[in-house]
Amino acid sequence: MTAVGESKSARRSAEKSDREPGVLTRPYLRLTLGIVSVVLLIAFEAMAVGTAMPVAVEELDGVPLYALAFSAFFTTSLLAMVVSGEWCDARGPRLPLFGGIGAFAAGLVLAGTAQSMWPFIVGRAVQGLGGGLVIVSLYVVVGKAYPSALRPRVFSAFSAAWVLPSIVGPPVSGLVTDHLGWRWVFLAIPVLVVLPIAMMLPQLRRMAGESDPDARMNRRRIGAAIGASVGAGMLQYGGQHLNVVGIVLLLAGLALMAVTVPRLLPVGTLRAVRGLPAVILSRGVLAGAFFAVESFVPLMLISEHGLSPTEAGLTLTVGALSWALGSWYQGRSPHERRPRLIQVGFLFVAVAIGGALLALVPGVSPYAVTVGWFFGGAGMGMAVSSVSVLTLDLSTPEESGTNSSSLQVADSLGTIVMVGLAGAIFAALHEGTGKDAGVFTLIFAIMLGVSLLGALLAPRIRRPDPQP
């Protein structure tokens with residue numbers, strides 16, 4: 001009888017577990033749809049802007065400032081990520097989230113209505129402020145509103161929200177630009193932000209009482225973020241202009257970042273201290289290696305293999321689809337497997353970079369990159385989402401904003417530094433002949449080494465053993 005009773009109890013427990021709310025069930029449905037809608041809008045803008053930007057800067061007579069239109073976004077978003085983390089910890093995520101959505105929409109309007117290049121750049125900078133506020137506050141919302149068992153599936157939804165924009169964003173942007181004008185690529189999105197705000201507002205209002213009225217924002221950390229953002233901007237500009245002024249700016253930017261960046265990350269991050277610091281560092285290394293290569297893959301396929309832009313872009317679309325697949329897989333994996341998923345993610349990124357290197361060998365099909373990028377996207381989906389989950393798991397509720405901010409800062413800085421390094425190498429060695437196989441090989445080989453070194457971080461990602 002005891003065995004029968006235990007069997008029935010186990011069955012009832014299993015049935016109860018099966019009835020646990022999911023991210024699309026009544027307690028979380030509106031919030032989940034609102035969060036995914038925000039990510040969807042940001043993703044669409046990010047994928048569409050690359051198509052519209054060349055036409056925009058030409059019409060605004062601002063081709064010499066083309067790179068600044070991109071770097072202005074990333075530089076201000078780096079600062080906003082830190083501010084958002086401090087703001088979320090002091091007052092909760094509602095105001096930085098809605099303020100960020102508002103700033104993002106305002107930046108789109110400024111850019112879409114600009115009559116000259118500098119107002120357009122200001123609009124891009126305001127967009128960056130909004131994007132930085134939003135991404136960190138969304139992480140904090142996930143940490144506060146969802147139980148730990150559901151967080152992996154929310155981050156899977158984040159990745160899935162990038163799939164449709166990755167497929168339709170560039171062609172839709174191209175059609176709009178050709179038939180209606182580039183301005184509508186920017187002006188069509190702001191009117192769509194009302195719906196996700198309305199969907200999320202009821203549940204976010206209930207979070208308002210969870211903040212500490214005596215909490216204060218860390219001004220020193222915000223000051224360090226200002227310094228790091230300025231340094232990052234100098235690094236990006238100097239790396240693309242290797243004259244005397246450019247080199248001075250590059251070195252000054254590196255020095256400024258060396259002083260300020262450690263203040264924005266958990267103690268021990270740059271030394272890969274076991275636990276949260278190693279988790280944060282792995283995000284920066286992963287993003288830097290992957291995006292540094294991804295930024296040069298289309299150029300390599302066009303210049304070395306003669307592919308059309310559409311054919312070259314197919315590789316990135318394959319990677320975006322497999323990213324969602326990898327993220328879906330990690331969302332259904334046992335929690336204790338996350339360090340292994342991160343390690344596998346690094347190795348898959350190494351496979352992707354290896355495919356890009358292989359495509360530079362004479363006689364090898366350019367679609368070796370496409371096959372490799374399928375693995376790279378899957379690896380990023382598994383690893384990035386796992387890092388996000390572990391960051392929240394290793395954070396106290398009072399630290400979730402600061403640590404989520406540190407995670408995004410590491411992501412941005414890793415991308416800025418590695419893309420800056422790759423850009424500096426390309427600027428120094430590019431001969432203008434249209435054939436740069438040797439330059440691409442050097443860049444890809446360096447990033448392959450970075451991704452393999454990143455795989456060695458996995459054993460340090462686990463929580464430190466308790467002190468006796």
# chains A, B, ... in the order shown; residues from 1 in each chain; ligands from 1

$ residues_around --residues "A:Val38" --least-positions-apart "2" --cutoff "9 Å" --atoms "only C-alpha atoms" --output "ChimeraX atom specification"
/A:33-36,40-43,101,134,193,196-197

$ residues_around --residues "stretch 363-380 of chain A" --least-positions-apart "2" --cutoff "7 Å" --atoms "only C-alpha atoms" --output "list in words"
Leu301, His305, Thr315, Val318, Gly319, Ala320, Ser322, Trp323, Leu325, Gly326, Val344, Gly345, Phe346, Phe348, Val349, Val351, Ala352, Gly355, Ala356, Leu358, Ala359, Val361, Met382, Ala383 and Val384 of chain A

$ write_last_selection --atoms "N, CA, C and O atoms" --output "compact mmCIF listing (two decimals), in the first residue's frame"
# COMPACT_ATOMS: atom_id res chain seq x y z
N LEU A 301 32.82 37.63 -48.89
CA LEU A 301 32.11 36.85 -49.90
C LEU A 301 31.91 37.64 -51.19
O LEU A 301 31.97 37.08 -52.30
N HIS A 305 34.70 36.18 -53.68
CA HIS A 305 33.97 35.16 -54.43
C HIS A 305 32.99 35.74 -55.43
O HIS A 305 32.36 34.98 -56.18
N THR A 315 23.95 34.12 -45.78
CA THR A 315 24.74 33.48 -44.73
C THR A 315 24.32 34.01 -43.36
O THR A 315 24.16 33.24 -42.40
N VAL A 318 20.94 32.61 -42.31
CA VAL A 318 21.06 31.23 -41.81
C VAL A 318 21.54 31.25 -40.36
O VAL A 318 21.02 30.51 -39.51
N GLY A 319 22.51 32.11 -40.06
CA GLY A 319 23.00 32.21 -38.69
C GLY A 319 21.93 32.70 -37.72
O GLY A 319 21.84 32.23 -36.59
N ALA A 320 21.10 33.65 -38.17
CA ALA A 320 20.03 34.15 -37.31
C ALA A 320 19.00 33.07 -37.00
O ALA A 320 18.51 32.95 -35.87
N SER A 322 19.53 29.73 -37.03
CA SER A 322 20.10 28.72 -36.14
C SER A 322 20.33 29.28 -34.74
O SER A 322 20.33 28.53 -33.76
N TRP A 323 20.53 30.59 -34.62
CA TRP A 323 20.63 31.23 -33.29
C TRP A 323 19.35 30.96 -32.51
O TRP A 323 19.38 30.57 -31.33
N LEU A 325 17.26 28.58 -33.00
CA LEU A 325 17.20 27.15 -32.72
C LEU A 325 18.05 26.79 -31.51
O LEU A 325 17.62 26.03 -30.62
N GLY A 326 19.28 27.34 -31.44
CA GLY A 326 20.15 27.08 -30.30
C GLY A 326 19.57 27.60 -29.00
O GLY A 326 19.66 26.96 -27.95
N VAL A 344 30.25 24.52 -25.48
CA VAL A 344 29.88 24.05 -26.82
C VAL A 344 29.62 25.25 -27.73
O VAL A 344 29.98 25.23 -28.92
N GLY A 345 29.00 26.30 -27.18
CA GLY A 345 28.76 27.51 -27.98
C GLY A 345 30.05 28.10 -28.51
O GLY A 345 30.15 28.47 -29.69
N PHE A 346 31.07 28.22 -27.65
CA PHE A 346 32.37 28.72 -28.10
C PHE A 346 32.94 27.83 -29.21
O PHE A 346 33.50 28.33 -30.20
N PHE A 348 31.32 25.89 -31.29
CA PHE A 348 30.54 26.05 -32.52
C PHE A 348 30.92 27.35 -33.23
O PHE A 348 30.96 27.41 -34.47
N VAL A 349 31.17 28.41 -32.46
CA VAL A 349 31.64 29.67 -33.06
C VAL A 349 32.99 29.45 -33.74
O VAL A 349 33.25 29.97 -34.83
N VAL A 351 33.95 26.68 -35.09
CA VAL A 351 33.63 25.97 -36.34
C VAL A 351 33.20 26.96 -37.41
O VAL A 351 33.60 26.86 -38.59
N ALA A 352 32.37 27.94 -37.02
CA ALA A 352 31.90 28.95 -37.98
C ALA A 352 33.06 29.75 -38.55
O ALA A 352 33.15 30.00 -39.76
N GLY A 355 34.96 27.76 -40.97
CA GLY A 355 34.32 27.74 -42.28
C GLY A 355 34.66 28.96 -43.10
O GLY A 355 34.86 28.87 -44.32
N ALA A 356 34.72 30.13 -42.44
CA ALA A 356 35.10 31.36 -43.14
C ALA A 356 36.55 31.28 -43.63
O ALA A 356 36.87 31.71 -44.75
N LEU A 358 38.13 28.48 -44.32
CA LEU A 358 38.15 27.46 -45.37
C LEU A 358 37.72 28.05 -46.71
O LEU A 358 38.26 27.71 -47.77
N ALA A 359 36.75 28.98 -46.67
CA ALA A 359 36.26 29.60 -47.90
C ALA A 359 37.31 30.47 -48.57
O ALA A 359 37.15 30.85 -49.74
N VAL A 361 40.35 29.42 -49.05
CA VAL A 361 41.25 28.50 -49.75
C VAL A 361 40.81 28.42 -51.21
O VAL A 361 39.63 28.21 -51.50
N MET A 382 22.80 29.05 -27.94
CA MET A 382 22.95 28.27 -26.71
C MET A 382 23.72 29.04 -25.65
O MET A 382 23.33 29.07 -24.47
N ALA A 383 24.82 29.68 -26.05
CA ALA A 383 25.72 30.27 -25.07
C ALA A 383 25.21 31.61 -24.54
O ALA A 383 25.25 31.86 -23.34
N VAL A 384 24.75 32.50 -25.43
CA VAL A 384 24.32 33.83 -24.98
C VAL A 384 23.15 33.71 -24.02
O VAL A 384 23.12 34.37 -22.96

$ atom_distance --atom1 "atom CA of A:Leu392" --atom2 "atom CA of A:Pro147"
10.8 Å

$ select_by_dssp --residues "stretch 27-228 of chain A" --states "alpha helix (DSSP H)" --output "PyMOL selection string"
chain A and resi 29-59+66-91+94-113+117-145+151-160+163-179+183-187+194-205+219-228

$ residues_around --residues "A:Leu79" --least-positions-apart "6" --cutoff "7 Å" --atoms "only C-alpha atoms" --output "NGL selection string"
:A and (225-226 or 229)

$ closest_atom_pairs --of "stretch 422-462 of chain A" --to "stretch 406-418 of chain A" --cutoff "9 Å" --atoms "only C-alpha atoms" --output "tab-separated table"
residue	atom	partner	partner_atom	distance
A:Ala422	CA	A:Met418	CA	6.1
A:Gly423	CA	A:Met418	CA	8.4
A:Met447	CA	A:Met418	CA	8.2

$ closest_residue --among "A:Tyr28, A:Phe426, A:Trp182, A:Tyr146" --to "A:Gly112" --atoms "only C-alpha atoms"
A:Trp182

$ residues_around --residues "A:Trp328" --least-positions-apart "2" --cutoff "9 Å" --atoms "only C-alpha atoms" --output "VMD selection string"
chain A and resid 152 to 153 155 to 157 159 to 160 323 to 326 330 to 332 381 to 382

$ residues_around --residues "stretch 258-271 of chain A" --least-positions-apart "6" --cutoff "12 Å" --atoms "only C-alpha atoms" --output "short mmCIF file (atom, residue, chain, number, x, y, z; two decimals) with all heavy atoms, in the first residue's frame"
data_model
loop_
_atom_site.label_atom_id
_atom_site.label_comp_id
_atom_site.auth_asym_id
_atom_site.auth_seq_id
_atom_site.Cartn_x
_atom_site.Cartn_y
_atom_site.Cartn_z
N LEU A 78 26.23 52.27 -24.65
CA LEU A 78 27.12 51.78 -23.60
C LEU A 78 26.90 52.56 -22.31
O LEU A 78 26.80 51.99 -21.21
CB LEU A 78 28.57 51.90 -24.07
CG LEU A 78 29.66 51.46 -23.09
CD1 LEU A 78 29.51 49.99 -22.74
CD2 LEU A 78 31.04 51.74 -23.68
N LEU A 79 26.82 53.88 -22.41
CA LEU A 79 26.54 54.72 -21.24
C LEU A 79 25.17 54.41 -20.67
O LEU A 79 25.00 54.26 -19.45
CB LEU A 79 26.64 56.19 -21.63
CG LEU A 79 26.16 57.22 -20.60
CD1 LEU A 79 26.99 57.12 -19.32
CD2 LEU A 79 26.23 58.63 -21.19
N MET A 81 23.40 51.74 -20.77
CA MET A 81 23.32 50.43 -20.10
C MET A 81 23.70 50.54 -18.63
O MET A 81 23.05 49.94 -17.77
CB MET A 81 24.25 49.43 -20.81
CG MET A 81 23.77 48.99 -22.16
SD MET A 81 25.05 48.03 -23.02
CE MET A 81 24.30 47.85 -24.63
N VAL A 82 24.74 51.30 -18.34
CA VAL A 82 25.17 51.47 -16.95
C VAL A 82 24.14 52.27 -16.17
O VAL A 82 23.76 51.92 -15.04
CB VAL A 82 26.55 52.14 -16.89
CG1 VAL A 82 26.96 52.40 -15.45
CG2 VAL A 82 27.59 51.27 -17.59
N VAL A 83 23.67 53.36 -16.75
CA VAL A 83 22.65 54.18 -16.09
C VAL A 83 21.40 53.35 -15.82
O VAL A 83 20.80 53.42 -14.74
CB VAL A 83 22.31 55.41 -16.95
CG1 VAL A 83 21.11 56.17 -16.36
CG2 VAL A 83 23.51 56.34 -17.07
N GLY A 85 21.15 50.11 -15.36
CA GLY A 85 21.38 49.17 -14.26
C GLY A 85 21.25 49.84 -12.91
O GLY A 85 20.61 49.31 -11.98
N GLU A 86 21.86 51.01 -12.76
CA GLU A 86 21.77 51.74 -11.50
C GLU A 86 20.33 52.19 -11.22
O GLU A 86 19.85 52.11 -10.09
CB GLU A 86 22.70 52.96 -11.54
CG GLU A 86 24.18 52.61 -11.64
CD GLU A 86 24.68 51.89 -10.41
OE1 GLU A 86 24.20 52.23 -9.30
OE2 GLU A 86 25.52 50.99 -10.54
N ASN A 218 24.81 54.94 -8.19
CA ASN A 218 26.25 55.03 -7.97
C ASN A 218 26.84 56.01 -8.99
O ASN A 218 27.06 55.68 -10.16
CB ASN A 218 26.88 53.65 -8.13
CG ASN A 218 28.34 53.63 -7.75
OD1 ASN A 218 29.04 54.63 -7.85
ND2 ASN A 218 28.82 52.48 -7.30
N ARG A 219 27.14 57.23 -8.53
CA ARG A 219 27.62 58.27 -9.45
C ARG A 219 29.01 57.95 -9.97
O ARG A 219 29.35 58.30 -11.11
CB ARG A 219 27.61 59.63 -8.74
CG ARG A 219 26.21 60.12 -8.39
CD ARG A 219 26.25 61.49 -7.74
NE ARG A 219 24.90 61.95 -7.40
CZ ARG A 219 24.65 63.12 -6.81
NH1 ARG A 219 25.66 63.92 -6.49
NH2 ARG A 219 23.42 63.46 -6.54
N ARG A 220 29.83 57.30 -9.16
CA ARG A 220 31.16 56.94 -9.64
C ARG A 220 31.08 55.97 -10.80
O ARG A 220 31.85 56.06 -11.77
CB ARG A 220 31.98 56.34 -8.50
CG ARG A 220 32.37 57.34 -7.42
CD ARG A 220 33.30 56.69 -6.41
NE ARG A 220 33.72 57.65 -5.40
CZ ARG A 220 34.55 57.35 -4.39
NH1 ARG A 220 35.03 56.12 -4.28
NH2 ARG A 220 34.90 58.28 -3.51
N ARG A 221 30.17 55.03 -10.70
CA ARG A 221 30.02 54.06 -11.79
C ARG A 221 29.50 54.74 -13.05
O ARG A 221 29.94 54.41 -14.16
CB ARG A 221 29.07 52.94 -11.35
CG ARG A 221 29.12 51.72 -12.22
CD ARG A 221 28.47 50.52 -11.54
NE ARG A 221 28.68 49.32 -12.34
CZ ARG A 221 27.85 48.91 -13.27
NH1 ARG A 221 26.73 49.57 -13.51
NH2 ARG A 221 28.11 47.82 -13.98
N ILE A 222 28.59 55.68 -12.89
CA ILE A 222 28.09 56.41 -14.05
C ILE A 222 29.21 57.25 -14.66
O ILE A 222 29.34 57.34 -15.89
CB ILE A 222 26.89 57.28 -13.65
CG1 ILE A 222 25.71 56.38 -13.26
CG2 ILE A 222 26.49 58.21 -14.79
CD1 ILE A 222 24.51 57.13 -12.72
N GLY A 223 30.05 57.86 -13.82
CA GLY A 223 31.19 58.61 -14.33
C GLY A 223 32.15 57.72 -15.10
O GLY A 223 32.67 58.10 -16.16
N ALA A 224 32.37 56.51 -14.58
CA ALA A 224 33.22 55.55 -15.29
C ALA A 224 32.60 55.17 -16.63
O ALA A 224 33.31 54.98 -17.63
CB ALA A 224 33.45 54.31 -14.44
N ALA A 225 31.27 55.07 -16.67
CA ALA A 225 30.59 54.72 -17.93
C ALA A 225 30.78 55.83 -18.96
O ALA A 225 30.96 55.56 -20.16
CB ALA A 225 29.10 54.49 -17.67
N ILE A 226 30.73 57.08 -18.50
CA ILE A 226 30.98 58.20 -19.42
C ILE A 226 32.38 58.10 -19.99
O ILE A 226 32.60 58.24 -21.21
CB ILE A 226 30.77 59.54 -18.69
CG1 ILE A 226 29.30 59.71 -18.30
CG2 ILE A 226 31.22 60.71 -19.58
CD1 ILE A 226 29.03 60.92 -17.42
N GLY A 227 33.36 57.83 -19.13
CA GLY A 227 34.73 57.70 -19.60
C GLY A 227 34.90 56.54 -20.57
O GLY A 227 35.58 56.66 -21.60
N ALA A 228 34.28 55.40 -20.26
CA ALA A 228 34.39 54.23 -21.14
C ALA A 228 33.73 54.49 -22.48
O ALA A 228 34.24 54.07 -23.54
CB ALA A 228 33.76 53.01 -20.47
N SER A 229 32.60 55.20 -22.48
CA SER A 229 31.91 55.50 -23.73
C SER A 229 32.74 56.43 -24.60
O SER A 229 32.86 56.22 -25.82
CB SER A 229 30.55 56.14 -23.43
OG SER A 229 29.74 55.27 -22.69
N VAL A 230 33.32 57.46 -23.99
CA VAL A 230 34.19 58.36 -24.75
C VAL A 230 35.39 57.60 -25.29
O VAL A 230 35.79 57.75 -26.46
CB VAL A 230 34.64 59.54 -23.87
CG1 VAL A 230 35.69 60.38 -24.59
CG2 VAL A 230 33.45 60.41 -23.49
N GLY A 231 35.99 56.76 -24.45
CA GLY A 231 37.12 55.96 -24.89
C GLY A 231 36.76 55.02 -26.03
O GLY A 231 37.54 54.85 -26.98
N ALA A 232 35.58 54.42 -25.96
CA ALA A 232 35.14 53.51 -27.02
C ALA A 232 34.95 54.26 -28.33
O ALA A 232 35.32 53.76 -29.40
CB ALA A 232 33.84 52.82 -26.61
N LEU A 235 38.33 54.97 -29.74
CA LEU A 235 38.91 53.74 -30.27
C LEU A 235 38.33 53.41 -31.64
O LEU A 235 39.08 53.07 -32.57
CB LEU A 235 38.63 52.59 -29.29
CG LEU A 235 39.07 51.20 -29.72
CD1 LEU A 235 40.58 51.11 -29.76
CD2 LEU A 235 38.51 50.14 -28.77
N LEU A 251 45.11 55.31 -29.13
CA LEU A 251 45.87 55.03 -27.90
C LEU A 251 45.22 55.69 -26.69
O LEU A 251 45.15 55.10 -25.60
CB LEU A 251 47.31 55.50 -28.06
CG LEU A 251 48.14 54.74 -29.11
CD1 LEU A 251 49.52 55.38 -29.26
CD2 LEU A 251 48.27 53.27 -28.74
N ALA A 252 44.74 56.92 -26.89
CA ALA A 252 44.07 57.61 -25.77
C ALA A 252 42.79 56.90 -25.38
O ALA A 252 42.46 56.78 -24.20
CB ALA A 252 43.78 59.06 -26.16
N PRO A 277 32.09 36.67 -12.27
CA PRO A 277 33.05 37.37 -13.14
C PRO A 277 33.38 36.59 -14.41
O PRO A 277 33.45 37.18 -15.49
CB PRO A 277 34.29 37.52 -12.23
CG PRO A 277 33.73 37.54 -10.84
CD PRO A 277 32.58 36.57 -10.88
N ALA A 278 33.57 35.28 -14.31
CA ALA A 278 33.86 34.48 -15.50
C ALA A 278 32.66 34.43 -16.44
O ALA A 278 32.83 34.40 -17.67
CB ALA A 278 34.28 33.08 -15.09
N VAL A 279 31.45 34.41 -15.88
CA VAL A 279 30.24 34.42 -16.70
C VAL A 279 30.19 35.70 -17.52
O VAL A 279 29.95 35.68 -18.74
CB VAL A 279 28.98 34.29 -15.82
CG1 VAL A 279 27.72 34.49 -16.65
CG2 VAL A 279 28.93 32.92 -15.15
N ILE A 280 30.41 36.85 -16.87
CA ILE A 280 30.37 38.14 -17.55
C ILE A 280 31.45 38.21 -18.63
O ILE A 280 31.21 38.66 -19.75
CB ILE A 280 30.54 39.29 -16.54
CG1 ILE A 280 29.39 39.30 -15.51
CG2 ILE A 280 30.63 40.63 -17.25
CD1 ILE A 280 28.05 39.67 -16.04
N LEU A 281 32.66 37.77 -18.29
CA LEU A 281 33.76 37.82 -19.25
C LEU A 281 33.46 36.96 -20.47
O LEU A 281 33.78 37.34 -21.62
CB LEU A 281 35.05 37.35 -18.58
CG LEU A 281 36.30 37.32 -19.48
CD1 LEU A 281 36.64 38.72 -19.99
CD2 LEU A 281 37.48 36.72 -18.73
N SER A 282 32.86 35.79 -20.26
CA SER A 282 32.57 34.90 -21.39
C SER A 282 31.65 35.57 -22.39
O SER A 282 31.78 35.36 -23.60
CB SER A 282 31.97 33.59 -20.88
OG SER A 282 30.68 33.78 -20.34
N ARG A 283 30.73 36.40 -21.92
CA ARG A 283 29.81 37.10 -22.83
C ARG A 283 30.59 38.05 -23.73
O ARG A 283 30.35 38.12 -24.94
CB ARG A 283 28.75 37.85 -22.03
CG ARG A 283 27.77 38.67 -22.84
CD ARG A 283 26.86 37.81 -23.71
NE ARG A 283 25.77 38.64 -24.22
CZ ARG A 283 24.57 38.69 -23.67
NH1 ARG A 283 24.29 37.95 -22.62
NH2 ARG A 283 23.64 39.46 -24.18
N GLY A 284 31.52 38.82 -23.16
CA GLY A 284 32.30 39.75 -23.95
C GLY A 284 33.19 39.06 -24.97
O GLY A 284 33.29 39.49 -26.12
N VAL A 285 33.85 37.97 -24.56
CA VAL A 285 34.72 37.24 -25.47
C VAL A 285 33.91 36.61 -26.61
O VAL A 285 34.30 36.65 -27.78
CB VAL A 285 35.51 36.16 -24.71
CG1 VAL A 285 36.34 35.31 -25.66
CG2 VAL A 285 36.42 36.80 -23.65
N THR A 391 23.68 34.71 -15.17
CA THR A 391 23.89 36.03 -14.56
C THR A 391 22.79 36.35 -13.57
O THR A 391 23.05 36.82 -12.45
CB THR A 391 23.96 37.12 -15.65
OG1 THR A 391 25.08 36.86 -16.50
CG2 THR A 391 24.12 38.50 -15.02
N LEU A 394 23.01 34.08 -10.42
CA LEU A 394 24.12 34.40 -9.53
C LEU A 394 24.01 35.80 -8.93
O LEU A 394 24.93 36.27 -8.27
CB LEU A 394 25.46 34.27 -10.27
CG LEU A 394 25.83 32.85 -10.72
CD1 LEU A 394 27.06 32.87 -11.63
CD2 LEU A 394 26.09 31.95 -9.51
N SER A 395 22.88 36.48 -9.17
CA SER A 395 22.67 37.84 -8.67
C SER A 395 21.59 37.85 -7.60
O SER A 395 20.58 37.14 -7.72
CB SER A 395 22.24 38.77 -9.81
OG SER A 395 23.18 38.77 -10.86
N GLU A 399 21.03 43.24 -6.85
CA GLU A 399 22.14 43.38 -7.79
C GLU A 399 21.74 43.07 -9.23
O GLU A 399 22.57 43.17 -10.13
CB GLU A 399 23.28 42.43 -7.41
CG GLU A 399 23.91 42.70 -6.06
CD GLU A 399 24.89 41.61 -5.66
OE1 GLU A 399 24.74 40.46 -6.14
OE2 GLU A 399 25.79 41.90 -4.87
N THR A 402 22.45 46.00 -11.73
CA THR A 402 23.88 46.26 -11.93
C THR A 402 24.53 45.13 -12.71
O THR A 402 25.32 45.37 -13.64
CB THR A 402 24.58 46.44 -10.58
OG1 THR A 402 24.02 47.58 -9.91
CG2 THR A 402 26.07 46.66 -10.76
N ASN A 403 24.22 43.89 -12.36
CA ASN A 403 24.86 42.76 -13.04
C ASN A 403 24.34 42.58 -14.47
O ASN A 403 25.11 42.20 -15.36
CB ASN A 403 24.66 41.48 -12.23
CG ASN A 403 25.47 41.49 -10.94
OD1 ASN A 403 26.43 42.24 -10.80
ND2 ASN A 403 25.07 40.67 -9.98
N SER A 404 23.06 42.85 -14.70
CA SER A 404 22.55 42.83 -16.07
C SER A 404 23.21 43.91 -16.90
O SER A 404 23.54 43.70 -18.08
CB SER A 404 21.02 43.02 -16.08
OG SER A 404 20.37 41.94 -15.44
N SER A 405 23.42 45.08 -16.28
CA SER A 405 24.15 46.15 -16.96
C SER A 405 25.56 45.72 -17.29
O SER A 405 26.05 45.93 -18.41
CB SER A 405 24.17 47.40 -16.06
OG SER A 405 25.09 48.35 -16.53
N SER A 406 26.25 45.09 -16.32
CA SER A 406 27.62 44.62 -16.57
C SER A 406 27.67 43.62 -17.72
O SER A 406 28.60 43.62 -18.53
CB SER A 406 28.19 43.98 -15.30
OG SER A 406 28.32 44.93 -14.26
N LEU A 407 26.65 42.76 -17.80
CA LEU A 407 26.58 41.77 -18.87
C LEU A 407 26.51 42.46 -20.23
O LEU A 407 27.24 42.11 -21.16
CB LEU A 407 25.36 40.88 -18.66
CG LEU A 407 25.18 39.74 -19.65
CD1 LEU A 407 26.27 38.71 -19.49
CD2 LEU A 407 23.81 39.10 -19.46
N GLN A 408 25.64 43.45 -20.35
CA GLN A 408 25.50 44.16 -21.62
C GLN A 408 26.73 45.01 -21.93
O GLN A 408 27.13 45.14 -23.09
CB GLN A 408 24.24 45.03 -21.59
CG GLN A 408 22.95 44.27 -21.42
CD GLN A 408 22.75 43.23 -22.50
OE1 GLN A 408 23.08 43.45 -23.66
NE2 GLN A 408 22.23 42.07 -22.12
N VAL A 409 27.34 45.58 -20.88
CA VAL A 409 28.57 46.35 -21.08
C VAL A 409 29.67 45.44 -21.63
O VAL A 409 30.40 45.80 -22.56
CB VAL A 409 29.02 47.02 -19.76
CG1 VAL A 409 30.45 47.53 -19.86
CG2 VAL A 409 28.08 48.16 -19.41
N ALA A 410 29.80 44.23 -21.04
CA ALA A 410 30.81 43.29 -21.52
C ALA A 410 30.54 42.92 -22.97
O ALA A 410 31.48 42.83 -23.79
CB ALA A 410 30.82 42.04 -20.64
N ASP A 411 29.28 42.70 -23.32
CA ASP A 411 28.90 42.37 -24.69
C ASP A 411 29.32 43.50 -25.64
O ASP A 411 29.98 43.27 -26.67
CB ASP A 411 27.40 42.15 -24.75
CG ASP A 411 26.93 41.63 -26.10
OD1 ASP A 411 27.13 42.34 -27.10
OD2 ASP A 411 26.34 40.54 -26.15
N SER A 412 28.97 44.73 -25.28
CA SER A 412 29.29 45.88 -26.14
C SER A 412 30.78 46.11 -26.24
O SER A 412 31.32 46.34 -27.33
CB SER A 412 28.61 47.14 -25.60
OG SER A 412 27.21 47.04 -25.70
N LEU A 413 31.47 46.04 -25.11
CA LEU A 413 32.90 46.30 -25.12
C LEU A 413 33.65 45.22 -25.89
O LEU A 413 34.60 45.51 -26.62
CB LEU A 413 33.43 46.40 -23.69
CG LEU A 413 33.05 47.66 -22.93
CD1 LEU A 413 33.49 47.56 -21.48
CD2 LEU A 413 33.69 48.89 -23.58
N GLY A 414 33.23 43.96 -25.71
CA GLY A 414 33.87 42.89 -26.47
C GLY A 414 33.72 43.11 -27.96
O GLY A 414 34.68 42.95 -28.73
N VAL A 417 35.87 46.31 -29.04
CA VAL A 417 37.32 46.07 -29.06
C VAL A 417 37.71 45.15 -30.20
O VAL A 417 38.67 45.43 -30.95
CB VAL A 417 37.78 45.49 -27.70
CG1 VAL A 417 39.23 45.02 -27.79
CG2 VAL A 417 37.65 46.55 -26.60
N LEU A 457 37.08 29.04 -20.63
CA LEU A 457 36.44 29.71 -19.49
C LEU A 457 35.37 28.85 -18.84
O LEU A 457 34.99 29.09 -17.69
CB LEU A 457 35.80 31.03 -19.95
CG LEU A 457 36.72 32.18 -20.33
CD1 LEU A 457 35.92 33.32 -20.94
CD2 LEU A 457 37.48 32.67 -19.10
N ARG A 460 35.36 27.67 -15.25
CA ARG A 460 35.36 28.73 -14.24
C ARG A 460 33.99 29.40 -14.12
O ARG A 460 33.81 30.31 -13.31
CB ARG A 460 36.42 29.78 -14.58
CG ARG A 460 37.80 29.19 -14.78
CD ARG A 460 38.86 30.27 -14.85
NE ARG A 460 38.96 31.03 -13.61
CZ ARG A 460 39.56 30.61 -12.51
NH1 ARG A 460 40.11 29.40 -12.47
NH2 ARG A 460 39.60 31.37 -11.43
N ILE A 461 33.04 28.97 -14.94
CA ILE A 461 31.72 29.58 -14.93
C ILE A 461 30.87 29.07 -13.77
O ILE A 461 29.96 29.75 -13.31
CB ILE A 461 31.03 29.33 -16.28
CG1 ILE A 461 31.66 30.25 -17.35
CG2 ILE A 461 29.53 29.55 -16.21
CD1 ILE A 461 31.18 29.98 -18.74
#

$ atom_distance --atom1 "atom CA of A:Ile189" --atom2 "atom CA of A:Ala105"
7.4 Å
